[in-house]
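This report refers to the structure that appears directly beneath it.
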Amino acid sequence: MSAKICSRCMAVFDGHKWFYDEGEHERLVRTRRAEATLCPGHERIEKRRIDGVVNLKGNFLKEHYDEAVNLINNIAEKQLHRNVAARVYNMKQNGNGLIVETTETSLAERIGKEFEKAFNGNLEISWLQDAEFVRVNWQRD
Ligand SMILES: [Zn+2]
């Protein structure tokens with residue numbers, strides 16, 4: 001099987017699996033040996049496939065908003081190196097806090113757990129549709 005590269009990010013397919021590798025991506029672009037396509041993460045984004053919703057709220061969040069956004073970005077970055085299909089689809093602020101939609105259940109779950117670890121608060125994780133969708137609620141007042 002031939003190599004593939006994602007046209008929207010630095011993900012690379014080596015014939016067996018997708019992984020995130022900026023150096024390898026650049027090399028494959030240079031040598032023109034790889035077919036440009038979408039990685040599993042961008043394919044999910046393209047198809048608007050959302051497997052997880054994280055609802056973060058409470059007064060603590062309002063006072064530590066930038067810190068919270070940084071934490072989400074850090075978690076997403078780490079998870080991306082483990083699984084290129086796990087992406088933040090959308091992150092938006094609403095009146096009560098932040099809503100994060102993810103393309104993978106594991107990323108939504110990880111965001112909830114890392115918030116609890118970093119800031120305490122209350123965490124609730126509900127699995128729906130035979131564990132194919134996860135709803136994560138975290139709150140600290
Ligand atoms: Zn991609």
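Residues in the structure tokens are numbered from 1 in each chain, the chains being A, B, ... in the order shown, and ligands are numbered from 1 in the order shown.
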
Can you tell me which residues surround Ile75 in chain A at a distance of at most 12 Å, considering only C-alpha atoms, apart from same-chain residues fewer than 2 positions away, and format the answer as a PyMOL selection string? chain A and resi 68-73+77-82+86-88+102+106-115+118

Please report, as a tab-separated table, each residue of chain A lying at most 7 Å from ligand 1, together with the nearest pair of atoms and the separation in Å rounded to one decimal; use only C-alpha atoms and all ligand atoms, and order rows by chain and ascending residue number.
```
residue	atom	partner	partner_atom_place_in_ligand_line	distance
A:Cys6	CA	ligand 1	1 (Zn)	4.7
A:Ser7	CA	ligand 1	1 (Zn)	6.5
A:Arg8	CA	ligand 1	1 (Zn)	4.9
A:Cys9	CA	ligand 1	1 (Zn)	4.1
A:Met10	CA	ligand 1	1 (Zn)	6.4
A:Ala11	CA	ligand 1	1 (Zn)	5.4
A:Leu38	CA	ligand 1	1 (Zn)	5.5
A:Cys39	CA	ligand 1	1 (Zn)	4.3
A:Pro40	CA	ligand 1	1 (Zn)	6.9
A:Gly41	CA	ligand 1	1 (Zn)	5.6
A:His42	CA	ligand 1	1 (Zn)	4.7
```

One decimal, in Å: what's the spacing between CA of Asn55 in chain A and CA of Asp141 in chain A? 13.9 Å

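Atom pair CA of Leu123 in chain A / CA of Gly58 in chain A has a distance of 12.0 Å (rounded to one decimal).
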
Asn59 in chain A proximity check over A:Ala36, A:Met91, A:Ala85, A:Leu98, using only C-alpha atoms: winner is A:Leu98

If you run DSSP on this backbone, which residues of range 48-102 of chain A come out as helix (DSSP H, G or I), and could you give them as a PyMOL selection string? chain A and resi 59-63+65-82

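Proximity to Val12 in chain A was assessed for A:Thr37, A:Gln129, A:Asn90, A:Asn137 counting only C-alpha atoms; the smallest distance is recorded for A:Thr37.
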
Using only C-alpha atoms, which residues sit within 12 Å of Leu128 in chain A once same-chain residues fewer than 3 positions away are excluded, as a list in words?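 After dropping sequence-adjacent residues, the list is Asp51, Gly52, Val53, Thr105, Ile125, Ala131, Glu132, Phe133, Val134, Arg135 and Val136 of chain A.
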
Would you mind exporting the chosen residues as a compact mmCIF listing (two decimals), in the first residue's frame, restricted to N, CA, C and O atoms?
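Once everything was written out, this is out26.txt:
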```
# COMPACT_ATOMS: atom_id res chain seq x y z
N ASP A 51 -18.87 12.71 18.17
CA ASP A 51 -19.04 11.55 19.06
C ASP A 51 -19.04 11.92 20.53
O ASP A 51 -19.25 11.06 21.38
N GLY A 52 -18.75 13.19 20.81
CA GLY A 52 -18.69 13.60 22.20
C GLY A 52 -19.02 15.07 22.37
O GLY A 52 -18.65 15.90 21.53
N VAL A 53 -19.74 15.39 23.45
CA VAL A 53 -20.02 16.79 23.77
C VAL A 53 -19.62 17.03 25.23
O VAL A 53 -20.04 16.28 26.12
N THR A 105 -15.00 9.83 21.17
CA THR A 105 -15.45 9.76 22.56
C THR A 105 -14.29 9.92 23.54
O THR A 105 -14.42 10.57 24.57
N ILE A 125 -19.99 11.67 33.52
CA ILE A 125 -19.78 11.16 32.17
C ILE A 125 -20.92 10.19 31.86
O ILE A 125 -21.12 9.22 32.59
N ALA A 131 -22.29 3.24 23.94
CA ALA A 131 -20.94 3.80 24.11
C ALA A 131 -20.36 4.42 22.84
O ALA A 131 -19.16 4.64 22.74
N GLU A 132 -21.21 4.72 21.87
CA GLU A 132 -20.69 5.37 20.68
C GLU A 132 -20.77 6.89 20.76
O GLU A 132 -20.29 7.60 19.89
N PHE A 133 -21.41 7.35 21.82
CA PHE A 133 -21.52 8.79 22.02
C PHE A 133 -21.37 9.07 23.51
O PHE A 133 -21.91 8.33 24.33
N VAL A 134 -20.63 10.10 23.84
CA VAL A 134 -20.45 10.41 25.26
C VAL A 134 -20.80 11.87 25.54
O VAL A 134 -20.50 12.77 24.75
N ARG A 135 -21.51 12.05 26.65
CA ARG A 135 -21.84 13.40 27.10
C ARG A 135 -21.11 13.63 28.42
O ARG A 135 -21.24 12.83 29.35
N VAL A 136 -20.30 14.69 28.46
CA VAL A 136 -19.48 14.96 29.63
C VAL A 136 -19.89 16.30 30.23
O VAL A 136 -19.96 17.30 29.51
```

Using only C-alpha atoms, which residue out of A:Ile5, A:Arg48, A:Val54, A:Gln93 lies closest to Gly23 in chain A?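 For Gly23 in chain A, the nearest of the candidates is A:Ile5.
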
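Relative to CA of Lys57 in chain A, CA of Ile45 in chain A is found at 24.8 Å.
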
Residue with smallest distance to Arg27 in chain A - pool A:Phe119, A:Glu104, A:Asn83, A:Lys4, counting only C-alpha atoms: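 Answer, going by the shortest atom-to-atom distance: A:Lys4.
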
Of the residues A:Trp138, A:Glu67, A:Tyr20, A:Tyr89, which is the one nearest to Lys47 in chain A, using only C-alpha atoms? A:Tyr89

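Distance check against Gly95 in chain A using only C-alpha atoms: of A:Lys62, A:Arg44, A:His25, A:Arg30, the minimum falls on A:Lys62.
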
All strand (DSSP E or B) positions in range 10-106 of chain A, as a list in words: Ala11, Val12, Phe13, Trp18, Phe19, Tyr20, Glu35, Ala36, Thr37, Gly52, Val53, Val54, Asn55, Leu56, Lys57, Val88, Tyr89, Asn90, Met91, Lys92, Gln93, Asn94, Gly97, Leu98, Ile99, Val100, Glu101 and Thr102 of chain A
